[in-house]
Amino acid sequence: MKIIFTRDFIALILSVAVVGLGSGATLPLTALALTQAGYGSDIVGLLSAAQAGGGLLIAPLTGWITRRYGGRQVIMAAVLVAGLSTALMQTSTSLFVWAVLRVLCGAALMLLFTIGEAWVNQLADDANRGRIVAIYATHFTLFQMAGPVLVSQIEHFTSWRFLLCGVIFLGALPVLAAIRAAPASSSANEAHGGWLQVLPLMPAIIVGTGFFALFDTIALSLMPLFAMDHGVSSRVAVLFASALLLGDTTMQLPLGWLADRIGRTRVHLGSAVVVVILLPLLPWAISSPWLCWPLLFVLGAAAGAIYTLSLVACGERFRGTALVSASSVVGASWCVASFAGPLVTGSLMKHTGNNAMIAVLLATALAFLLAMAWEKRRAVPPAAMR
């Protein structure tokens with residue numbers, strides 16, 4: 001585990017922390033600002049989808065951009081774009097302008113996300129991959145968890161709240177400048193290990209990433225609306241996301257250790273079963289704080305493990321060009337789920353009630369279990385492309 005103390009690894013952790021803090025603060029802040037302006041869940045979902053759309057647009061180009069300009073330069077430029085696009089939301093109330101700024105921010109965050117994911121898997125080895133990736137995921141969700149807490153404290157300061165979030169991004173630039181070497185990148189379209197070669201070998205990885213992207217985006221943007229619809233105050237409602245992220249943050253390292261000890265597949269499957277059991281209980285438990293908060297904690301831990309262990313599976317199965325291609329596919333899966341999920345869920349919540357959010361998440365978790373069953377039946381090898 002000496003790797004975690006290197007300067008480049010610390011810079012990597014900082015970059016993923018920026019991703020977490022950025023999405024953790026700007027998504028719920030945007031949702032609250034729109035709600036305070038009188039817009040409904042469908043518009044909130046649309047603006048959340050705009051950010052995911054930016055990531056989806058940039059995902060196929062990540063390999064080329066990184067190879068052309070270098071990982072360190074791309075990371076720093078992405079932080080700058082994310083900070084400026086967030087701060088500029090303070091200068092306008094136009095939905096069109098906000099949508100454009102969310103697209104830019106989403107593209108920048110996706111570059112950070114994809115580069116960081118490929119890098120952490122290159123730094124890890126199979127003996128400690130669960131723990132190394134868990135450290136990565138823990139820092140992501142730790143800073144993401146701080147986002148809603150920050151929003152709950154600054155939501156009434158309408159004249160500078162987006163500006164503050166943008167400045168937080170820019171504060172990461174001096175430390176990121178210390179990066180000495182970025183991960184090796186390859187084109188996702190190379191003959192060996194391209195998208196067409198890796199896709200059949202990673203259905204559960206794709207669906208697992210998509211589930212957590214949907215869970216993460218909905219928790220930060222639509223969960224407060226779900227809670228408020230059940231009689232929870234806005235100040236407390238934004239903390240529902242923090243409770244989910246607290247479970248994710250604190251439990252990923254223990255679950256990563258457990259996966260290294262007893263096997264990734266067992267922990268992966270068990271986490272999905274926990275999610276499927278707990279999700280339907282949330283509307284019933286929300287009226288009982290003594291039950292609701294522990295449920296949110298465990299649900300967040302299990303959902304986060306689905307994502308963390310999907311990254312572990314990616315590093316186990318692929319190397320070199322195939323790993324870069326697989327990371328790009330994971331990034332695309334994240335963007336598609338983050339883009340389509342809020343649109344569909346926000347619309348369903350408006351027309352059928354806010355409990356539609358639970359139905360969407362439950363259906364996606366069940367799809368992940370089906371993908372795992374398909375992999376087992378097809379006997380997908382744990383080390384597919386080396």
# chains A, B, ... in the order shown; residues from 1 in each chain; ligands from 1
>>> closest_atom_pairs(of="range 298-336 of chain A", to="range 248-251 of chain A", cutoff="8 Å", atoms="only C-alpha atoms", output="CSV")
residue,atom,partner,partner_atom,distance
A:Gly300,CA,A:Asp248,CA,4.8
A:Ala301,CA,A:Asp248,CA,3.9
A:Ala302,CA,A:Asp248,CA,7.2
A:Ala303,CA,A:Asp248,CA,7.3
A:Gly304,CA,A:Asp248,CA,5.0
A:Ala305,CA,A:Asp248,CA,7.3
>>> residues_around(residues="Leu244 in chain A", least_positions_apart="3", cutoff="9 Å", atoms="only C-alpha atoms", output="list in words")
Met145, Ala219, Leu239, Phe240, Ala241, Gly247, Asp248, Thr249, Trp293, Leu295, Leu296, Phe297, Val298, Leu299, Gly300, Ala301 and Ala303 of chain A
>>> atom_distance(atom1="CA of Gly106 in chain A", atom2="CA of Ala227 in chain A")
25.7 Å
>>> closest_residue(among="A:Phe368, A:Phe169, A:Trp290, A:Trp119", to="Ala78 in chain A", atoms="only C-alpha atoms")
A:Phe169
>>> closest_residue(among="A:Arg319, A:Ala204, A:Ala272, A:Met223", to="Ala371 in chain A", atoms="only C-alpha atoms")
A:Ala204
>>> residues_around(residues="Gly210 in chain A", least_positions_apart="5", cutoff="9 Å", atoms="only C-alpha atoms", output="VMD selection string")
chain A and resid 205 215 307 330 332 to 338 364 368
>>> write_last_selection(atoms="N, CA, C and O atoms", output="CSV table (one decimal), in the first residue's frame")
chain,number,residue,atom,x,y,z
A,205,ILE,N,-20.5,-4.6,-15.3
A,205,ILE,CA,-19.8,-3.4,-15.0
A,205,ILE,C,-20.6,-2.2,-15.5
A,205,ILE,O,-20.7,-1.2,-14.8
A,215,PHE,N,-28.4,6.5,-9.2
A,215,PHE,CA,-28.6,6.6,-7.8
A,215,PHE,C,-28.0,7.9,-7.3
A,215,PHE,O,-28.6,8.7,-6.5
A,307,TYR,N,-20.8,0.3,-7.3
A,307,TYR,CA,-20.0,1.1,-8.2
A,307,TYR,C,-18.5,0.8,-7.9
A,307,TYR,O,-17.7,0.5,-8.9
A,330,VAL,N,-17.2,2.8,-19.2
A,330,VAL,CA,-17.7,3.1,-17.9
A,330,VAL,C,-18.1,4.6,-17.8
A,330,VAL,O,-19.2,4.9,-17.3
A,332,ALA,N,-19.0,6.5,-20.3
A,332,ALA,CA,-20.2,6.7,-21.2
A,332,ALA,C,-21.4,6.1,-20.5
A,332,ALA,O,-22.5,6.7,-20.5
A,333,SER,N,-21.3,5.0,-19.8
A,333,SER,CA,-22.4,4.4,-19.0
A,333,SER,C,-22.9,5.4,-18.0
A,333,SER,O,-24.1,5.6,-17.8
A,334,TRP,N,-21.9,6.0,-17.3
A,334,TRP,CA,-22.2,7.0,-16.2
A,334,TRP,C,-23.0,8.1,-16.8
A,334,TRP,O,-24.0,8.6,-16.3
A,335,CYS,N,-22.5,8.6,-17.9
A,335,CYS,CA,-23.2,9.8,-18.6
A,335,CYS,C,-24.6,9.5,-19.1
A,335,CYS,O,-25.5,10.3,-18.9
A,336,VAL,N,-24.7,8.3,-19.7
A,336,VAL,CA,-26.1,8.0,-20.2
A,336,VAL,C,-27.1,7.9,-19.1
A,336,VAL,O,-28.2,8.4,-19.2
A,337,ALA,N,-26.7,7.2,-18.0
A,337,ALA,CA,-27.6,7.1,-16.9
A,337,ALA,C,-27.9,8.4,-16.2
A,337,ALA,O,-29.0,8.7,-15.8
A,338,SER,N,-26.8,9.2,-16.1
A,338,SER,CA,-27.0,10.5,-15.5
A,338,SER,C,-27.8,11.5,-16.3
A,338,SER,O,-28.5,12.4,-15.8
A,364,THR,N,-33.5,-0.5,-11.9
A,364,THR,CA,-32.1,-0.5,-12.3
A,364,THR,C,-31.3,-1.4,-11.5
A,364,THR,O,-30.4,-2.1,-12.0
A,368,PHE,N,-29.2,-4.8,-12.8
A,368,PHE,CA,-27.8,-5.2,-12.4
A,368,PHE,C,-27.7,-6.7,-12.0
A,368,PHE,O,-26.8,-7.4,-12.4
>>> atom_distance(atom1="CA of His139 in chain A", atom2="CA of Asp125 in chain A")
19.3 Å
>>> residues_around(residues="Ala127 in chain A", least_positions_apart="2", cutoff="12 Å", atoms="only C-alpha atoms", output="list of chain:residue names")
A:Met1, A:Leu123, A:Ala124, A:Asp125, A:Arg129, A:Gly130, A:Arg131, A:Ile132, A:Val133, A:Gly256, A:Trp257, A:Ala259, A:Asp260, A:Arg261, A:Gly263, A:Arg264, A:Val312, A:Gly315, A:Glu316
>>> write_last_selection(atoms="N, CA and C atoms", output="mmCIF file, in the first residue's frame")
data_model
loop_
_atom_site.group_PDB
_atom_site.id
_atom_site.type_symbol
_atom_site.label_atom_id
_atom_site.label_comp_id
_atom_site.auth_asym_id
_atom_site.auth_seq_id
_atom_site.Cartn_x
_atom_site.Cartn_y
_atom_site.Cartn_z
ATOM 1 N N MET A 1 0.817 -1.212 0.000
ATOM 2 C CA MET A 1 0.000 0.000 0.000
ATOM 3 C C MET A 1 0.854 1.267 0.000
ATOM 4 N N LEU A 123 -2.495 2.048 -10.989
ATOM 5 C CA LEU A 123 -1.679 2.113 -9.783
ATOM 6 C C LEU A 123 -1.875 0.902 -8.876
ATOM 7 N N ALA A 124 -3.019 0.237 -8.972
ATOM 8 C CA ALA A 124 -3.325 -0.890 -8.090
ATOM 9 C C ALA A 124 -2.834 -2.202 -8.694
ATOM 10 N N ASP A 125 -2.767 -3.235 -7.846
ATOM 11 C CA ASP A 125 -2.536 -4.589 -8.341
ATOM 12 C C ASP A 125 -3.657 -5.477 -7.820
ATOM 13 N N ARG A 129 -6.427 -4.484 -4.979
ATOM 14 C CA ARG A 129 -7.228 -3.619 -5.846
ATOM 15 C C ARG A 129 -8.505 -3.147 -5.147
ATOM 16 N N GLY A 130 -9.151 -4.044 -4.401
ATOM 17 C CA GLY A 130 -10.372 -3.656 -3.715
ATOM 18 C C GLY A 130 -10.142 -2.502 -2.760
ATOM 19 N N ARG A 131 -9.043 -2.540 -2.009
ATOM 20 C CA ARG A 131 -8.756 -1.474 -1.044
ATOM 21 C C ARG A 131 -8.318 -0.183 -1.722
ATOM 22 N N ILE A 132 -7.497 -0.285 -2.755
ATOM 23 C CA ILE A 132 -7.019 0.914 -3.447
ATOM 24 C C ILE A 132 -8.185 1.648 -4.117
ATOM 25 N N VAL A 133 -9.022 0.886 -4.831
ATOM 26 C CA VAL A 133 -10.166 1.510 -5.480
ATOM 27 C C VAL A 133 -11.140 2.050 -4.438
ATOM 28 N N GLY A 256 -14.269 -2.991 0.461
ATOM 29 C CA GLY A 256 -13.161 -3.319 -0.433
ATOM 30 C C GLY A 256 -12.246 -4.367 0.173
ATOM 31 N N TRP A 257 -11.965 -4.226 1.464
ATOM 32 C CA TRP A 257 -11.159 -5.229 2.174
ATOM 33 C C TRP A 257 -11.859 -6.581 2.150
ATOM 34 N N ALA A 259 -13.992 -7.643 -0.056
ATOM 35 C CA ALA A 259 -13.934 -8.188 -1.408
ATOM 36 C C ALA A 259 -12.573 -8.811 -1.694
ATOM 37 N N ASP A 260 -11.497 -8.199 -1.194
ATOM 38 C CA ASP A 260 -10.164 -8.780 -1.364
ATOM 39 C C ASP A 260 -10.034 -10.113 -0.621
ATOM 40 N N ARG A 261 -10.778 -10.266 0.476
ATOM 41 C CA ARG A 261 -10.676 -11.469 1.302
ATOM 42 C C ARG A 261 -11.565 -12.608 0.811
ATOM 43 N N GLY A 263 -13.766 -12.447 -2.044
ATOM 44 C CA GLY A 263 -14.108 -12.440 -3.460
ATOM 45 C C GLY A 263 -15.025 -11.299 -3.841
ATOM 46 N N ARG A 264 -14.700 -10.636 -4.947
ATOM 47 C CA ARG A 264 -15.464 -9.488 -5.389
ATOM 48 C C ARG A 264 -16.899 -9.860 -5.742
ATOM 49 N N VAL A 312 -13.392 -2.180 -9.608
ATOM 50 C CA VAL A 312 -12.454 -3.268 -9.308
ATOM 51 C C VAL A 312 -12.509 -4.325 -10.397
ATOM 52 N N GLY A 315 -10.614 -3.224 -13.491
ATOM 53 C CA GLY A 315 -9.171 -3.382 -13.371
ATOM 54 C C GLY A 315 -8.724 -4.824 -13.387
ATOM 55 N N GLU A 316 -9.566 -5.745 -12.882
ATOM 56 C CA GLU A 316 -9.239 -7.167 -12.897
ATOM 57 C C GLU A 316 -9.252 -7.734 -14.318
#
>>> residues_around(residues="range 348-350 of chain A", least_positions_apart="2", cutoff="12 Å", atoms="only C-alpha atoms", output="PyMOL selection string")
chain A and resi 39-45+218+222-223+225-226+229+341-346+352-360
>>> write_last_selection(atoms="N, CA and C atoms", output="short mmCIF file (atom, residue, chain, number, x, y, z; two decimals), in the first residue's frame")
data_model
loop_
_atom_site.label_atom_id
_atom_site.label_comp_id
_atom_site.auth_asym_id
_atom_site.auth_seq_id
_atom_site.Cartn_x
_atom_site.Cartn_y
_atom_site.Cartn_z
N TYR A 39 -39.94 26.38 -10.36
CA TYR A 39 -39.91 25.32 -11.36
C TYR A 39 -40.18 23.96 -10.71
N GLY A 40 -40.68 23.01 -11.51
CA GLY A 40 -41.01 21.69 -11.01
C GLY A 40 -39.90 20.67 -11.20
N SER A 41 -40.20 19.42 -10.82
CA SER A 41 -39.19 18.37 -10.87
C SER A 41 -38.76 18.06 -12.30
N ASP A 42 -39.63 18.32 -13.29
CA ASP A 42 -39.25 18.05 -14.68
C ASP A 42 -38.13 18.99 -15.13
N ILE A 43 -38.18 20.26 -14.74
CA ILE A 43 -37.13 21.21 -15.10
C ILE A 43 -35.85 20.89 -14.33
N VAL A 44 -35.99 20.50 -13.06
CA VAL A 44 -34.82 20.09 -12.28
C VAL A 44 -34.14 18.90 -12.95
N GLY A 45 -34.93 17.93 -13.39
CA GLY A 45 -34.37 16.78 -14.09
C GLY A 45 -33.69 17.17 -15.39
N ILE A 218 -29.79 11.14 -8.80
CA ILE A 218 -31.13 11.30 -8.23
C ILE A 218 -31.04 11.68 -6.75
N LEU A 222 -32.98 14.96 -6.99
CA LEU A 222 -34.40 14.71 -6.82
C LEU A 222 -34.77 14.17 -5.44
N MET A 223 -33.80 13.60 -4.71
CA MET A 223 -34.10 13.10 -3.37
C MET A 223 -34.63 14.20 -2.44
N LEU A 225 -36.51 16.69 -3.23
CA LEU A 225 -37.90 16.89 -3.60
C LEU A 225 -38.77 15.75 -3.08
N PHE A 226 -38.26 14.53 -3.17
CA PHE A 226 -38.95 13.36 -2.64
C PHE A 226 -39.18 13.51 -1.14
N ASP A 229 -41.74 16.26 -0.29
CA ASP A 229 -43.09 15.81 -0.60
C ASP A 229 -43.67 14.95 0.52
N GLY A 341 -31.58 9.38 -16.78
CA GLY A 341 -32.23 9.10 -15.51
C GLY A 341 -33.01 10.27 -14.93
N PRO A 342 -32.40 11.45 -14.76
CA PRO A 342 -33.16 12.58 -14.21
C PRO A 342 -34.33 13.00 -15.10
N LEU A 343 -34.15 12.91 -16.44
CA LEU A 343 -35.24 13.28 -17.34
C LEU A 343 -36.45 12.36 -17.13
N VAL A 344 -36.19 11.06 -17.17
CA VAL A 344 -37.28 10.09 -17.03
C VAL A 344 -37.87 10.15 -15.63
N THR A 345 -36.99 10.16 -14.62
CA THR A 345 -37.47 10.14 -13.24
C THR A 345 -38.21 11.42 -12.88
N GLY A 346 -37.66 12.57 -13.29
CA GLY A 346 -38.33 13.84 -13.01
C GLY A 346 -39.70 13.90 -13.64
N THR A 352 -46.81 10.94 -11.93
CA THR A 352 -47.34 9.79 -11.17
C THR A 352 -47.07 9.89 -9.68
N GLY A 353 -46.30 10.89 -9.24
CA GLY A 353 -45.99 11.01 -7.82
C GLY A 353 -44.52 10.78 -7.56
N ASN A 354 -44.03 11.32 -6.44
CA ASN A 354 -42.60 11.28 -6.15
C ASN A 354 -42.09 9.88 -5.81
N ASN A 355 -42.98 8.94 -5.48
CA ASN A 355 -42.53 7.57 -5.23
C ASN A 355 -42.03 6.89 -6.50
N ALA A 356 -42.26 7.50 -7.67
CA ALA A 356 -41.72 6.95 -8.91
C ALA A 356 -40.20 6.89 -8.87
N MET A 357 -39.58 7.76 -8.07
CA MET A 357 -38.13 7.73 -7.92
C MET A 357 -37.66 6.38 -7.41
N ILE A 358 -38.38 5.83 -6.43
CA ILE A 358 -38.02 4.52 -5.88
C ILE A 358 -38.16 3.43 -6.93
N ALA A 359 -39.22 3.50 -7.72
CA ALA A 359 -39.46 2.48 -8.75
C ALA A 359 -38.35 2.46 -9.79
N VAL A 360 -37.87 3.64 -10.19
CA VAL A 360 -36.80 3.72 -11.19
C VAL A 360 -35.52 3.11 -10.64
#
>>> residues_around(residues="Gly331 in chain A", least_positions_apart="3", cutoff="10 Å", atoms="only C-alpha atoms", output="PyMOL selection string")
chain A and resi 55-56+58-60+62+110-111+113-115+117+206+209-210+213+325-328+334-336
>>> write_last_selection(atoms="C-alpha atoms", output="PDB file, in the first residue's frame")
ATOM      1  CA  GLY A  55     -20.057  14.333 -19.990  1.00  0.00           C
ATOM      2  CA  LEU A  56     -21.630  12.121 -22.631  1.00  0.00           C
ATOM      3  CA  ILE A  58     -16.824  14.416 -24.153  1.00  0.00           C
ATOM      4  CA  ALA A  59     -16.525  10.735 -23.116  1.00  0.00           C
ATOM      5  CA  PRO A  60     -15.656   9.320 -26.590  1.00  0.00           C
ATOM      6  CA  THR A  62     -11.282  11.518 -23.596  1.00  0.00           C
ATOM      7  CA  MET A 110     -16.198  13.689 -16.919  1.00  0.00           C
ATOM      8  CA  LEU A 111     -12.597  14.274 -18.005  1.00  0.00           C
ATOM      9  CA  PHE A 113     -13.671  11.190 -13.637  1.00  0.00           C
ATOM     10  CA  THR A 114     -12.421   9.096 -16.574  1.00  0.00           C
ATOM     11  CA  ILE A 115      -8.727   9.948 -16.191  1.00  0.00           C
ATOM     12  CA  GLU A 117     -10.576   5.923 -12.889  1.00  0.00           C
ATOM     13  CA  ILE A 206     -21.780  -1.214 -17.385  1.00  0.00           C
ATOM     14  CA  THR A 209     -21.926   1.888 -13.083  1.00  0.00           C
ATOM     15  CA  GLY A 210     -25.184   3.050 -14.651  1.00  0.00           C
ATOM     16  CA  ALA A 213     -24.703   7.084 -11.613  1.00  0.00           C
ATOM     17  CA  SER A 325     -11.345   1.502 -23.582  1.00  0.00           C
ATOM     18  CA  ALA A 326     -13.219  -0.093 -20.694  1.00  0.00           C
ATOM     19  CA  SER A 327     -12.806   3.086 -18.619  1.00  0.00           C
ATOM     20  CA  SER A 328     -14.253   5.093 -21.490  1.00  0.00           C
ATOM     21  CA  TRP A 334     -22.244   6.963 -16.215  1.00  0.00           C
ATOM     22  CA  CYS A 335     -23.178   9.803 -18.553  1.00  0.00           C
ATOM     23  CA  VAL A 336     -26.068   7.987 -20.226  1.00  0.00           C
TER      24      VAL A 336
END
>>> atom_distance(atom1="CA of Val149 in chain A", atom2="CA of Ala87 in chain A")
18.6 Å
